[in-house]
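Undergrad: my_file.pdb (PDB, C-alpha atoms) pasted underneath:
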```pdb
MODEL        1
ATOM      1  CA  MET A   1     -78.174 133.731-123.070
ATOM      2  CA  ALA A   2     -74.771 132.117-122.597
ATOM      3  CA  PRO A   3     -72.031 134.503-121.449
ATOM      4  CA  ALA A   4     -69.639 135.711-124.118
ATOM      5  CA  PRO A   5     -66.326 133.838-124.214
ATOM      6  CA  ARG A   6     -63.235 135.538-122.915
ATOM      7  CA  ASN A   7     -60.087 134.567-124.799
ATOM      8  CA  VAL A   8     -57.191 136.688-123.565
ATOM      9  CA  CYS A   9     -53.943 137.396-125.370
ATOM     10  CA  ILE A  10     -51.120 138.824-123.250
ATOM     11  CA  THR A  11     -48.187 140.460-125.020
ATOM     12  CA  ALA A  12     -44.638 140.446-123.623
ATOM     13  CA  ALA A  13     -45.657 137.387-121.602
ATOM     14  CA  ASP A  14     -42.016 136.517-120.945
ATOM     15  CA  GLY A  15     -41.579 139.691-118.865
ATOM     16  CA  GLN A  16     -42.314 139.937-115.139
ATOM     17  CA  THR A  17     -45.589 141.844-115.584
ATOM     18  CA  GLY A  18     -46.979 139.693-118.384
ATOM     19  CA  PHE A  19     -45.939 136.486-116.667
ATOM     20  CA  LEU A  20     -47.626 137.361-113.366
ATOM     21  CA  ILE A  21     -50.854 138.463-115.068
ATOM     22  CA  ALA A  22     -51.003 135.267-117.114
ATOM     23  CA  GLU A  23     -50.156 133.130-114.079
ATOM     24  CA  LEU A  24     -52.995 134.696-112.085
ATOM     25  CA  LEU A  25     -55.535 134.152-114.860
ATOM     26  CA  LEU A  26     -54.478 130.520-115.217
ATOM     27  CA  THR A  27     -54.206 129.518-111.556
ATOM     28  CA  SER A  28     -56.464 131.705-109.415
ATOM     29  CA  ASP A  29     -59.945 130.361-108.701
ATOM     30  CA  GLN A  30     -61.071 133.991-108.705
ATOM     31  CA  PHE A  31     -60.272 134.359-112.411
ATOM     32  CA  LYS A  32     -60.204 130.873-113.984
ATOM     33  CA  LYS A  33     -63.989 130.653-114.091
ATOM     34  CA  SER A  34     -64.209 133.837-116.185
ATOM     35  CA  ILE A  35     -61.433 133.018-118.668
ATOM     36  CA  ASP A  36     -61.792 130.530-121.528
ATOM     37  CA  SER A  37     -58.214 130.674-122.789
ATOM     38  CA  VAL A  38     -54.929 132.528-122.330
ATOM     39  CA  SER A  39     -52.508 133.068-125.210
ATOM     40  CA  ALA A  40     -49.004 134.182-124.246
ATOM     41  CA  LEU A  41     -47.470 136.284-127.002
ATOM     42  CA  THR A  42     -43.709 136.362-126.595
ATOM     43  CA  LEU A  43     -40.536 137.539-128.295
ATOM     44  CA  HIS A  44     -38.675 134.753-126.442
ATOM     45  CA  PRO A  45     -40.717 131.539-126.800
ATOM     46  CA  THR A  46     -38.031 129.322-125.265
ATOM     47  CA  SER A  47     -37.568 131.351-122.061
ATOM     48  CA  ALA A  48     -38.079 129.703-118.666
ATOM     49  CA  LYS A  49     -41.104 131.859-117.816
ATOM     50  CA  VAL A  50     -42.805 130.965-121.101
ATOM     51  CA  LYS A  51     -42.218 127.268-120.525
ATOM     52  CA  GLU A  52     -43.754 127.612-117.077
ATOM     53  CA  LEU A  53     -46.834 129.347-118.514
ATOM     54  CA  GLN A  54     -47.175 126.553-121.061
ATOM     55  CA  LYS A  55     -47.243 124.003-118.237
ATOM     56  CA  LEU A  56     -50.016 126.025-116.593
ATOM     57  CA  GLY A  57     -52.141 125.843-119.736
ATOM     58  CA  ALA A  58     -51.265 128.943-121.754
ATOM     59  CA  VAL A  59     -51.053 128.738-125.537
ATOM     60  CA  ILE A  60     -47.582 129.989-126.445
ATOM     61  CA  VAL A  61     -47.492 132.225-129.518
ATOM     62  CA  PRO A  62     -44.145 133.440-130.908
ATOM     63  CA  HIS A  63     -44.254 137.162-131.698
ATOM     64  CA  LYS A  64     -42.258 138.179-134.753
ATOM     65  CA  PRO A  65     -42.464 141.949-135.145
ATOM     66  CA  GLY A  66     -41.685 143.766-138.365
ATOM     67  CA  ARG A  67     -44.745 143.260-140.566
ATOM     68  CA  VAL A  68     -48.216 144.328-139.464
ATOM     69  CA  LYS A  69     -49.928 141.778-141.709
ATOM     70  CA  GLU A  70     -48.096 138.903-140.041
ATOM     71  CA  VAL A  71     -48.889 140.224-136.569
ATOM     72  CA  ILE A  72     -52.566 140.578-137.541
ATOM     73  CA  GLN A  73     -52.606 136.936-138.640
ATOM     74  CA  THR A  74     -50.890 135.931-135.395
ATOM     75  CA  LEU A  75     -53.648 137.640-133.403
ATOM     76  CA  LYS A  76     -56.361 136.026-135.519
ATOM     77  CA  ASP A  77     -54.781 132.612-134.967
ATOM     78  CA  THR A  78     -55.104 133.056-131.193
ATOM     79  CA  LYS A  79     -58.868 133.692-131.616
ATOM     80  CA  CYS A  80     -58.562 136.288-128.865
ATOM     81  CA  ASP A  81     -61.302 138.798-128.179
ATOM     82  CA  THR A  82     -59.321 140.541-125.425
ATOM     83  CA  ILE A  83     -55.746 141.795-125.485
ATOM     84  CA  CYS A  84     -53.486 142.910-122.664
ATOM     85  CA  LEU A  85     -50.945 145.191-124.322
ATOM     86  CA  ILE A  86     -47.659 145.378-122.422
ATOM     87  CA  PRO A  87     -44.723 147.224-124.002
ATOM     88  CA  PRO A  88     -41.865 144.693-124.147
ATOM     89  CA  THR A  89     -38.399 145.070-122.677
ATOM     90  CA  HIS A  90     -36.729 145.823-125.975
ATOM     91  CA  VAL A  91     -34.701 148.573-127.587
ATOM     92  CA  ASP A  92     -37.526 148.960-130.137
ATOM     93  CA  LYS A  93     -40.250 148.907-127.487
ATOM     94  CA  PHE A  94     -42.158 151.873-128.916
ATOM     95  CA  ASP A  95     -42.227 150.594-132.517
ATOM     96  CA  ILE A  96     -43.130 147.044-131.498
ATOM     97  CA  THR A  97     -45.976 148.255-129.282
ATOM     98  CA  LEU A  98     -47.265 150.653-131.939
ATOM     99  CA  GLU A  99     -47.271 147.824-134.461
ATOM    100  CA  MET A 100     -49.218 145.629-132.039
ATOM    101  CA  ILE A 101     -51.815 148.366-131.448
ATOM    102  CA  THR A 102     -52.242 148.737-135.218
ATOM    103  CA  ALA A 103     -52.577 144.972-135.659
ATOM    104  CA  ALA A 104     -55.170 144.746-132.881
ATOM    105  CA  LYS A 105     -57.198 147.511-134.545
ATOM    106  CA  GLN A 106     -57.073 145.865-137.948
ATOM    107  CA  SER A 107     -57.636 142.301-136.796
ATOM    108  CA  GLY A 108     -61.401 142.807-136.663
ATOM    109  CA  THR A 109     -61.653 140.279-133.825
ATOM    110  CA  VAL A 110     -60.254 142.044-130.754
ATOM    111  CA  GLN A 111     -62.915 143.954-128.829
ATOM    112  CA  ASN A 112     -61.388 144.554-125.393
ATOM    113  CA  VAL A 113     -57.998 146.156-124.819
ATOM    114  CA  LEU A 114     -56.126 146.740-121.562
ATOM    115  CA  PHE A 115     -53.001 148.825-122.081
ATOM    116  CA  ILE A 116     -50.372 148.744-119.330
ATOM    117  CA  SER A 117     -48.907 152.243-119.236
ATOM    118  CA  SER A 118     -46.829 154.172-116.703
ATOM    119  CA  ALA A 119     -47.828 156.549-113.935
ATOM    120  CA  GLY A 120     -46.065 159.868-114.383
ATOM    121  CA  CYS A 121     -46.022 159.732-118.168
ATOM    122  CA  ASP A 122     -48.424 162.685-118.315
ATOM    123  CA  LEU A 123     -46.002 164.742-116.204
ATOM    124  CA  ALA A 124     -42.888 163.787-118.153
ATOM    125  CA  GLU A 125     -41.346 166.301-120.521
ATOM    126  CA  ARG A 126     -40.422 165.103-123.982
ATOM    127  CA  ASP A 127     -36.902 166.541-123.876
ATOM    128  CA  LYS A 128     -36.143 165.448-120.284
ATOM    129  CA  GLN A 129     -37.984 162.128-119.967
ATOM    130  CA  PRO A 130     -38.550 160.842-123.522
ATOM    131  CA  ARG A 131     -38.917 157.162-122.523
ATOM    132  CA  LEU A 132     -41.671 158.035-120.061
ATOM    133  CA  ARG A 133     -43.379 160.409-122.482
ATOM    134  CA  GLU A 134     -43.585 157.640-125.094
ATOM    135  CA  PHE A 135     -46.347 156.078-123.042
ATOM    136  CA  ILE A 136     -48.569 159.107-123.717
ATOM    137  CA  ASP A 137     -48.111 158.599-127.456
ATOM    138  CA  LEU A 138     -48.981 154.907-127.124
ATOM    139  CA  GLU A 139     -52.021 155.663-124.955
ATOM    140  CA  THR A 140     -53.196 158.090-127.628
ATOM    141  CA  GLU A 141     -52.970 155.399-130.299
ATOM    142  CA  VAL A 142     -54.972 152.987-128.147
ATOM    143  CA  MET A 143     -57.670 155.545-127.339
ATOM    144  CA  LYS A 144     -58.034 156.716-130.958
ATOM    145  CA  SER A 145     -59.972 153.506-131.543
ATOM    146  CA  LYS A 146     -62.803 154.822-129.365
ATOM    147  CA  GLY A 147     -63.771 157.281-132.103
ATOM    148  CA  ASP A 148     -63.336 154.828-134.981
ATOM    149  CA  SER A 149     -66.523 152.913-135.743
ATOM    150  CA  LYS A 150     -64.645 150.683-138.199
ATOM    151  CA  THR A 151     -62.779 148.750-135.508
ATOM    152  CA  PRO A 152     -64.197 146.624-132.657
ATOM    153  CA  LEU A 153     -61.147 147.604-130.580
ATOM    154  CA  GLY A 154     -62.807 150.882-129.645
ATOM    155  CA  HIS A 155     -65.746 149.247-127.864
ATOM    156  CA  SER A 156     -64.076 148.370-124.582
ATOM    157  CA  PRO A 157     -60.724 150.029-123.775
ATOM    158  CA  CYS A 158     -58.996 150.440-120.418
ATOM    159  CA  ILE A 159     -55.645 151.999-119.524
ATOM    160  CA  LEU A 160     -53.764 151.091-116.369
ATOM    161  CA  ARG A 161     -50.921 153.447-115.456
ATOM    162  CA  ALA A 162     -48.680 151.492-113.106
ATOM    163  CA  GLY A 163     -46.380 153.423-110.797
ATOM    164  CA  PHE A 164     -42.750 152.711-109.973
ATOM    165  CA  TYR A 165     -42.461 148.968-109.312
ATOM    166  CA  ALA A 166     -41.180 148.318-105.796
ATOM    167  CA  GLU A 167     -39.326 145.297-107.211
ATOM    168  CA  ASN A 168     -36.973 147.724-108.961
ATOM    169  CA  LEU A 169     -35.461 148.297-105.517
ATOM    170  CA  LEU A 170     -34.053 144.769-105.726
ATOM    171  CA  LEU A 171     -31.456 146.205-108.096
ATOM    172  CA  TYR A 172     -29.868 147.785-105.021
ATOM    173  CA  ALA A 173     -29.878 144.632-102.896
ATOM    174  CA  PRO A 174     -26.055 144.291-103.114
ATOM    175  CA  GLN A 175     -25.556 147.714-101.457
ATOM    176  CA  ALA A 176     -28.217 146.875 -98.883
ATOM    177  CA  GLN A 177     -26.512 143.597 -98.014
ATOM    178  CA  GLN A 178     -22.949 144.871 -98.040
ATOM    179  CA  ASP A 179     -23.299 148.407 -96.663
ATOM    180  CA  GLY A 180     -26.829 148.708 -95.278
ATOM    181  CA  VAL A 181     -27.769 151.474 -97.731
ATOM    182  CA  LEU A 182     -30.357 152.143-100.441
ATOM    183  CA  PRO A 183     -28.626 154.350-103.050
ATOM    184  CA  LEU A 184     -31.228 156.246-105.122
ATOM    185  CA  PRO A 185     -30.963 159.490-107.146
ATOM    186  CA  VAL A 186     -34.253 160.953-105.865
ATOM    187  CA  GLY A 187     -33.113 163.877-103.706
ATOM    188  CA  LYS A 188     -33.818 164.337-100.016
ATOM    189  CA  ASP A 189     -37.185 166.094 -99.954
ATOM    190  CA  HIS A 190     -39.592 164.724-102.527
ATOM    191  CA  LYS A 191     -41.588 161.516-102.267
ATOM    192  CA  PHE A 192     -42.862 158.631-104.374
ATOM    193  CA  ALA A 193     -45.044 155.599-103.727
ATOM    194  CA  PRO A 194     -43.578 152.323-105.069
ATOM    195  CA  VAL A 195     -46.221 149.763-106.014
ATOM    196  CA  ALA A 196     -45.809 146.000-105.669
ATOM    197  CA  LEU A 197     -45.744 144.130-108.972
ATOM    198  CA  GLY A 198     -48.230 141.631-107.537
ATOM    199  CA  ASP A 199     -50.738 144.456-107.027
ATOM    200  CA  VAL A 200     -50.370 145.584-110.647
ATOM    201  CA  ALA A 201     -50.931 142.003-111.820
ATOM    202  CA  LEU A 202     -53.982 141.621-109.574
ATOM    203  CA  ALA A 203     -55.559 144.825-110.881
ATOM    204  CA  ALA A 204     -54.854 143.832-114.492
ATOM    205  CA  ALA A 205     -56.274 140.319-114.043
ATOM    206  CA  THR A 206     -59.401 141.805-112.466
ATOM    207  CA  VAL A 207     -59.932 144.055-115.490
ATOM    208  CA  LEU A 208     -59.228 141.292-118.025
ATOM    209  CA  SER A 209     -61.702 138.900-116.399
ATOM    210  CA  SER A 210     -64.468 141.479-115.898
ATOM    211  CA  LYS A 211     -67.538 141.136-118.119
ATOM    212  CA  GLY A 212     -70.294 143.492-119.131
ATOM    213  CA  GLU A 213     -72.754 144.111-121.930
ATOM    214  CA  HIS A 214     -70.119 145.724-124.156
ATOM    215  CA  GLY A 215     -67.033 143.680-123.205
ATOM    216  CA  PHE A 216     -65.222 144.638-120.009
ATOM    217  CA  GLY A 217     -67.360 145.232-116.935
ATOM    218  CA  ASP A 218     -68.788 148.733-116.585
ATOM    219  CA  GLU A 219     -66.452 149.350-113.636
ATOM    220  CA  CYS A 220     -63.462 148.901-116.000
ATOM    221  CA  ARG A 221     -64.612 149.867-119.473
ATOM    222  CA  GLY A 222     -63.306 153.278-120.520
ATOM    223  CA  GLN A 223     -61.373 153.745-117.275
ATOM    224  CA  LEU A 224     -57.994 155.414-116.871
ATOM    225  CA  ILE A 225     -56.624 153.704-113.756
ATOM    226  CA  VAL A 226     -53.611 155.199-112.000
ATOM    227  CA  LEU A 227     -52.049 152.740-109.577
ATOM    228  CA  THR A 228     -49.372 153.576-106.998
ATOM    229  CA  GLY A 229     -48.403 152.102-103.675
ATOM    230  CA  PRO A 230     -50.229 153.254-100.526
ATOM    231  CA  MET A 231     -47.342 155.101 -98.858
ATOM    232  CA  LEU A 232     -45.647 158.292 -99.984
ATOM    233  CA  ALA A 233     -42.043 158.074 -98.909
ATOM    234  CA  THR A 234     -38.822 160.002 -99.181
ATOM    235  CA  GLY A 235     -35.660 157.971 -99.532
ATOM    236  CA  ASP A 236     -35.153 158.205 -95.775
ATOM    237  CA  GLU A 237     -38.714 156.990 -95.078
ATOM    238  CA  LEU A 238     -38.265 154.101 -97.490
ATOM    239  CA  ALA A 239     -35.080 153.097 -95.674
ATOM    240  CA  GLU A 240     -36.949 153.400 -92.360
ATOM    241  CA  ALA A 241     -39.603 150.988 -93.649
ATOM    242  CA  ALA A 242     -36.845 148.589 -94.671
ATOM    243  CA  SER A 243     -35.233 148.872 -91.244
ATOM    244  CA  GLN A 244     -38.547 148.079 -89.559
ATOM    245  CA  ALA A 245     -39.109 145.037 -91.747
ATOM    246  CA  LEU A 246     -35.575 143.665 -91.567
ATOM    247  CA  GLY A 247     -34.841 144.332 -87.910
ATOM    248  CA  SER A 248     -31.549 145.988 -88.848
ATOM    249  CA  GLU A 249     -30.713 149.556 -89.743
ATOM    250  CA  MET A 250     -30.964 150.598 -93.374
ATOM    251  CA  LYS A 251     -29.832 154.034 -94.526
ATOM    252  CA  PHE A 252     -30.810 156.018 -97.617
ATOM    253  CA  GLU A 253     -28.031 157.484 -99.737
ATOM    254  CA  ASP A 254     -28.922 160.239-102.193
ATOM    255  CA  ILE A 255     -26.649 159.686-105.181
ATOM    256  CA  SER A 256     -26.135 161.672-108.368
ATOM    257  CA  ALA A 257     -27.738 160.759-111.678
ATOM    258  CA  ARG A 258     -24.272 159.936-113.017
ATOM    259  CA  GLU A 259     -23.596 157.526-110.160
ATOM    260  CA  ALA A 260     -27.058 156.010-110.531
ATOM    261  CA  LYS A 261     -26.332 155.341-114.178
ATOM    262  CA  ARG A 262     -23.091 153.606-113.241
ATOM    263  CA  VAL A 263     -24.798 151.475-110.569
ATOM    264  CA  LEU A 264     -27.508 150.408-113.023
ATOM    265  CA  HIS A 265     -24.873 149.519-115.593
ATOM    266  CA  GLN A 266     -23.072 147.325-113.055
ATOM    267  CA  GLN A 267     -26.076 145.657-111.450
ATOM    268  CA  ALA A 268     -28.681 145.612-114.220
ATOM    269  CA  GLY A 269     -26.479 144.429-117.029
ATOM    270  CA  HIS A 270     -29.144 141.979-118.233
ATOM    271  CA  HIS A 271     -31.741 144.756-118.439
ATOM    272  CA  ASP A 272     -32.431 146.416-121.779
ATOM    273  CA  GLN A 273     -30.896 149.886-122.174
ATOM    274  CA  SER A 274     -34.348 151.446-122.629
ATOM    275  CA  GLU A 275     -35.424 150.044-119.261
ATOM    276  CA  LYS A 276     -32.425 151.593-117.538
ATOM    277  CA  GLU A 277     -33.240 154.911-119.201
ATOM    278  CA  TYR A 278     -36.836 154.613-118.013
ATOM    279  CA  LEU A 279     -35.724 154.074-114.406
ATOM    280  CA  LEU A 280     -33.397 157.064-114.487
ATOM    281  CA  GLU A 281     -36.154 159.228-115.961
ATOM    282  CA  TYR A 282     -38.600 158.164-113.253
ATOM    283  CA  TYR A 283     -36.042 159.039-110.583
ATOM    284  CA  SER A 284     -35.717 162.480-112.175
ATOM    285  CA  LEU A 285     -39.508 162.912-111.910
ATOM    286  CA  VAL A 286     -39.246 162.178-108.190
ATOM    287  CA  LYS A 287     -36.460 164.704-107.809
ATOM    288  CA  GLU A 288     -38.602 167.327-109.596
ATOM    289  CA  GLY A 289     -41.449 166.784-107.111
ATOM    290  CA  LYS A 290     -43.827 165.354-109.725
ATOM    291  CA  THR A 291     -44.559 162.101-107.898
ATOM    292  CA  ASN A 292     -45.789 163.552-104.603
ATOM    293  CA  TYR A 293     -49.141 161.733-104.780
ATOM    294  CA  ILE A 294     -50.761 158.362-104.228
ATOM    295  CA  SER A 295     -53.567 156.753-106.205
ATOM    296  CA  THR A 296     -55.074 153.713-104.486
ATOM    297  CA  ASN A 297     -58.854 154.178-104.621
ATOM    298  CA  ALA A 298     -59.190 152.476-108.000
ATOM    299  CA  PHE A 299     -57.232 149.453-106.778
ATOM    300  CA  HIS A 300     -59.492 149.069-103.756
ATOM    301  CA  ASP A 301     -62.646 149.596-105.825
ATOM    302  CA  LEU A 302     -61.501 146.978-108.346
ATOM    303  CA  THR A 303     -60.124 144.295-106.052
ATOM    304  CA  GLY A 304     -61.662 144.935-102.655
ATOM    305  CA  GLN A 305     -58.121 144.780-101.237
ATOM    306  CA  HIS A 306     -55.546 147.308-100.110
ATOM    307  CA  PRO A 307     -52.182 147.592-101.883
ATOM    308  CA  GLN A 308     -49.064 146.252-100.232
ATOM    309  CA  GLN A 309     -47.285 148.520 -97.762
ATOM    310  CA  PRO A 310     -43.507 149.075 -98.139
ATOM    311  CA  VAL A 311     -42.838 147.336 -94.805
ATOM    312  CA  ASP A 312     -44.575 144.218 -96.098
ATOM    313  CA  PHE A 313     -42.670 144.414 -99.377
ATOM    314  CA  PHE A 314     -39.344 144.427 -97.529
ATOM    315  CA  LYS A 315     -40.524 141.520 -95.367
ATOM    316  CA  VAL A 316     -41.260 139.466 -98.488
ATOM    317  CA  TYR A 317     -37.775 140.149 -99.861
ATOM    318  CA  ALA A 318     -35.941 140.158 -96.519
ATOM    319  CA  GLU A 319     -33.365 137.621 -97.724
ATOM    320  CA  GLU A 320     -32.286 139.959-100.522
ATOM    321  CA  PHE A 321     -31.960 143.108 -98.409
ATOM    322  CA  LYS A 322     -30.604 141.959 -95.046
ATOM    323  CA  LEU A 323     -27.102 143.098 -94.174
ATOM    324  CA  GLN A 324     -24.744 140.173 -94.651
ATOM    325  CA  ASN A 325     -21.056 139.463 -94.241
ATOM    326  CA  GLY A 326     -20.813 137.447 -97.415
ATOM    327  CA  GLY A 327     -21.853 138.075-100.978
ATOM    328  CA  ALA A 328     -25.280 138.929-102.289
ATOM    329  CA  ALA A 329     -27.909 136.222-102.416
ATOM    330  CA  GLU A 330     -29.920 135.260-105.462
ATOM    331  CA  PRO A 331     -33.330 137.000-105.657
ATOM    332  CA  SER A 332     -36.075 134.779-104.289
ATOM    333  CA  LYS A 333     -39.154 133.806-106.268
ATOM    334  CA  LYS A 334     -41.510 134.963-103.540
ATOM    335  CA  LYS A 335     -44.139 137.489-104.425
ATOM    336  CA  ARG A 336     -47.145 139.046-102.785
ATOM    337  CA  LYS A 337     -50.069 136.745-102.205
ATOM    338  CA  THR A 338     -52.757 138.089-104.498
ATOM    339  CA  GLU A 339     -55.725 136.059-103.295
ATOM    340  CA  SER A 340     -57.678 136.672-100.132
TER     341      SER A 340
ENDMDL
END
```
Just give me the structure of the file as structure tokens.
TA:
Amino acid sequence: MAPAPRNVCITAADGQTGFLIAELLLTSDQFKKSIDSVSALTLHPTSAKVKELQKLGAVIVPHKPGRVKEVIQTLKDTKCDTICLIPPTHVDKFDITLEMITAAKQSGTVQNVLFISSAGCDLAERDKQPRLREFIDLETEVMKSKGDSKTPLGHSPCILRAGFYAENLLLYAPQAQQDGVLPLPVGKDHKFAPVALGDVALAAATVLSSKGEHGFGDECRGQLIVLTGPMLATGDELAEAASQALGSEMKFEDISAREAKRVLHQQAGHHDQSEKEYLLEYYSLVKEGKTNYISTNAFHDLTGQHPQQPVDFFKVYAEEFKLQNGGAAEPSKKKRKTES
């Protein structure tokens, strides 16, 4: 019997996460053989990342939220049997994602769903960290399909809770270059384990390309995967890792939530407001001691690799963090090598 086709649709493909997942599926010999097509669903079809994915062979599909019926038809037009649901960087992220989940359920064609969620969402409190807690509500909507025999979407679900992206630290590259400091509102005592974006993309691509009797491979189907980096670090330990990688001293500066908000406003002006709120909420989780754990076994079991250490992350982005006399450099396009 011929293997079932695997036509993947990736939402929010113009974002960093969606772009890297799609790029891996389209270019890596490890995944290309298992994927028949990749559709890149995007709110910004003319963006540079989308154009690059088109050159690599992705089918670009404009996403126009607002009417479930139209989104259902969009999904049907892609002929996808597998969807990678990534909440977009948008002020209406929750509503857009909820609409996409509903459309995937009602399409009648999508069997496999990988939802990219957030580590820590289960520990967030609705009144303190509402942006983080939204992910629990979205996970619930995805998993409801498991008990609904009327939709194929319930056959093969998987949720990947990605931890704090190490690349978020690039927001503080100007302070690192000018003053040799990492200013974070995480307190002095509690720890967190930043995860490299390349590792999240590798884990997601592995799930999306896996095949089994009921859709995803049995090692992925029905799994709740929590993915963090391999090293628990306080702010001081993170700065120590940076110092080791850069060959120059980096200091950690514990700043207030108010100051953190101001820094994000100044240096992440192009980021959506909801994304800034998410970052601040995650920092508050760290400060409350709710991120004092690592979760790396699933990553190793899935990929056969070990996640990137903080020292290696800072080596990759050394140009952005090194203390300089002049102004800040532009972020490089380098990322973790995700093939062995």
Undergrad: Which residue out of A:Gly247, A:Pro185, A:Gly18, A:Pro157 has the minimum interatomic distance to His214 in chain A when only C-alpha atoms are used?
TA: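 Once distances to His214 in chain A are computed over only C-alpha atoms, the minimum belongs to A:Pro157.
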Undergrad: Can you list, as a list in words, the residues that the PyMOL selection byres ((chain A and resi 150) around 12) selects here?
TA: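 Taken over the shown coordinates, the PyMOL selection byres ((chain A and resi 150) around 12) returns Lys105, Gln106, Ser107, Gly108, Thr109, Gln111, Lys144, Ser145, Lys146, Gly147, Asp148, Ser149, Thr151, Pro152, Leu153, Gly154 and His155 of chain A.
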Undergrad: Residues at most 9 Å from range 229-233 of chain A, counting only C-alpha atoms, excluding those fewer than 4 positions away in the same chain, as a PyMOL selection string?
TA: chain A and resi 163-166+190-196+199+237-238+291-296+306-310
Undergrad: Using all atoms listed in the file, which of the listed residues (A:His300, A:Lys79, A:Arg6, A:His90) sits closest to Thr42 in chain A?
TA: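 With all atoms listed in the file as the atom set, the closest residue is A:His90.
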Undergrad: As a list in words, please: the residues near range 93-104 of chain A (cut-off 6 Å, all atoms listed in the file, same-chain neighbours under 4 positions excluded).
TA: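 Listed by chain and then number, they are Val68, Ile72, Pro87 and Pro88 of chain A.
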Undergrad: Just the number, please: distance in Å from CA of Asp272 in chain A to CA of Lys49 in chain A, one decimal.
TA: 17.4 Å
Undergrad: Would you mind telling me which residue in A:Asp77, A:Asp179, A:Glu167, A:Asp312 lies nearest to Ala241 in chain A when using all atoms listed in the file?
TA: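 For Ala241 in chain A, the nearest of the candidates is A:Asp312.
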Undergrad: With the PyMOL selection byres ((chain A and resi 249) around 10) as the selection, what would be picked from this file? Answer as a compact mmCIF listing (two decimals) with C-alpha atoms, in the coordinates of the input, please.
TA:
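Result saved to expr16.txt:
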```txt
# COMPACT_ATOMS: atom_id res chain seq x y z
CA ALA A 176 -28.22 146.88 -98.88
CA GLY A 180 -26.83 148.71 -95.28
CA VAL A 181 -27.77 151.47 -97.73
CA ALA A 239 -35.08 153.10 -95.67
CA GLU A 240 -36.95 153.40 -92.36
CA ALA A 241 -39.60 150.99 -93.65
CA ALA A 242 -36.84 148.59 -94.67
CA SER A 243 -35.23 148.87 -91.24
CA GLN A 244 -38.55 148.08 -89.56
CA ALA A 245 -39.11 145.04 -91.75
CA LEU A 246 -35.58 143.66 -91.57
CA GLY A 247 -34.84 144.33 -87.91
CA SER A 248 -31.55 145.99 -88.85
CA MET A 250 -30.96 150.60 -93.37
CA LYS A 251 -29.83 154.03 -94.53
CA LYS A 322 -30.60 141.96 -95.05
CA LEU A 323 -27.10 143.10 -94.17
```
Undergrad: So how far away is CA of Lys276 in chain A from CA of Thr206 in chain A, in Å?
TA: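 Taking CA of Thr206 in chain A and CA of Lys276 in chain A, their separation equals 29.1 Å.
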Undergrad: Give me, as a list in words, all polymer residues having an atom no more than 9 Å from Asp14 in chain A, counting only C-alpha atoms and skipping those fewer than 6 positions away in the same chain.
TA: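 The residues that qualify are Ala40, Leu41, Thr42, Leu43, His44, Pro45, Ser47, Ala48, Lys49, Val50, Leu53 and Pro88 of chain A.
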Undergrad: Name every residue that the PyMOL selection byres ((chain A and resi 81) around 9) selects in this structure, writing the answer as a compact mmCIF listing (two decimals) with C-alpha atoms, in the frame of the given file with chains first and numbers rising.
TA:
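Generated output (result11.txt):
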```
# COMPACT_ATOMS: atom_id res chain seq x y z
CA PRO A 5 -66.33 133.84 -124.21
CA ARG A 6 -63.24 135.54 -122.92
CA ASN A 7 -60.09 134.57 -124.80
CA VAL A 8 -57.19 136.69 -123.56
CA CYS A 9 -53.94 137.40 -125.37
CA THR A 78 -55.10 133.06 -131.19
CA LYS A 79 -58.87 133.69 -131.62
CA CYS A 80 -58.56 136.29 -128.86
CA THR A 82 -59.32 140.54 -125.42
CA ILE A 83 -55.75 141.79 -125.48
CA THR A 109 -61.65 140.28 -133.82
CA VAL A 110 -60.25 142.04 -130.75
CA GLN A 111 -62.92 143.95 -128.83
CA ASN A 112 -61.39 144.55 -125.39
CA VAL A 113 -58.00 146.16 -124.82
```
Undergrad: What is the CA of Asp137 in chain A to CA of Thr11 in chain A distance in Å?
TA: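 Separation between CA of Asp137 in chain A and CA of Thr11 in chain A: 18.3 Å.
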Undergrad: Which of these residues is nearest to Ser256 in chain A, using only C-alpha atoms: A:Ala22, A:Leu280, A:Leu302, A:Leu169?
TA: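 Counting only C-alpha atoms, the residue closest to Ser256 in chain A is A:Leu280.
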Undergrad: My list of candidates is A:Ser274, A:Gln175, A:Glu281, A:Gln305. Which is closest to Glu253 in chain A when distances are computed with all atoms listed in the file?
TA: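 Closest to Glu253 in chain A, using all atoms listed in the file: A:Gln175.
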Undergrad: Around the point (-33.3, 144.6, -103.1) in the file's coordinates, collect all residues with an atom within 9 Å, using all atoms listed in the file, and return them as a PyMOL selection string.
TA: chain A and resi 167-177+182+314+317-322+331
Undergrad: Within 8 Å of (-62.1, 141.1, -116.9) in the file's own coordinates, which protein, DNA or RNA residues have an atom, counting all atoms listed in the file? List them as a compact mmCIF listing (two decimals) with C-alpha atoms, in the coordinates of the input.
TA:
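Result file out_34.txt:
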```
# COMPACT_ATOMS: atom_id res chain seq x y z
CA SER A 34 -64.21 133.84 -116.18
CA ALA A 205 -56.27 140.32 -114.04
CA THR A 206 -59.40 141.80 -112.47
CA VAL A 207 -59.93 144.06 -115.49
CA LEU A 208 -59.23 141.29 -118.02
CA SER A 209 -61.70 138.90 -116.40
CA SER A 210 -64.47 141.48 -115.90
CA LYS A 211 -67.54 141.14 -118.12
CA PHE A 216 -65.22 144.64 -120.01
CA GLY A 217 -67.36 145.23 -116.94
CA CYS A 220 -63.46 148.90 -116.00
```
Undergrad: Each residue of range 143-229 of chain A lying at most 7 Å from range 114-128 of chain A should get a row with its shortest atom-to-atom pair and the distance in Å to one decimal, counting all atoms listed in the file; could you produce that, ordered by chain and increasing number, as JSON lines?
TA:
```
{"residue": "A:Pro157", "atom": "CA", "partner": "A:Leu114", "partner_atom": "CA", "distance": 6.1}
{"residue": "A:Cys158", "atom": "CA", "partner": "A:Leu114", "partner_atom": "CA", "distance": 4.8}
{"residue": "A:Ile159", "atom": "CA", "partner": "A:Phe115", "partner_atom": "CA", "distance": 4.9}
{"residue": "A:Leu160", "atom": "CA", "partner": "A:Ile116", "partner_atom": "CA", "distance": 5.1}
{"residue": "A:Arg161", "atom": "CA", "partner": "A:Ser118", "partner_atom": "CA", "distance": 4.3}
{"residue": "A:Ala162", "atom": "CA", "partner": "A:Ser118", "partner_atom": "CA", "distance": 4.9}
{"residue": "A:Gly163", "atom": "CA", "partner": "A:Ala119", "partner_atom": "CA", "distance": 4.7}
{"residue": "A:Val226", "atom": "CA", "partner": "A:Ala119", "partner_atom": "CA", "distance": 6.2}
```
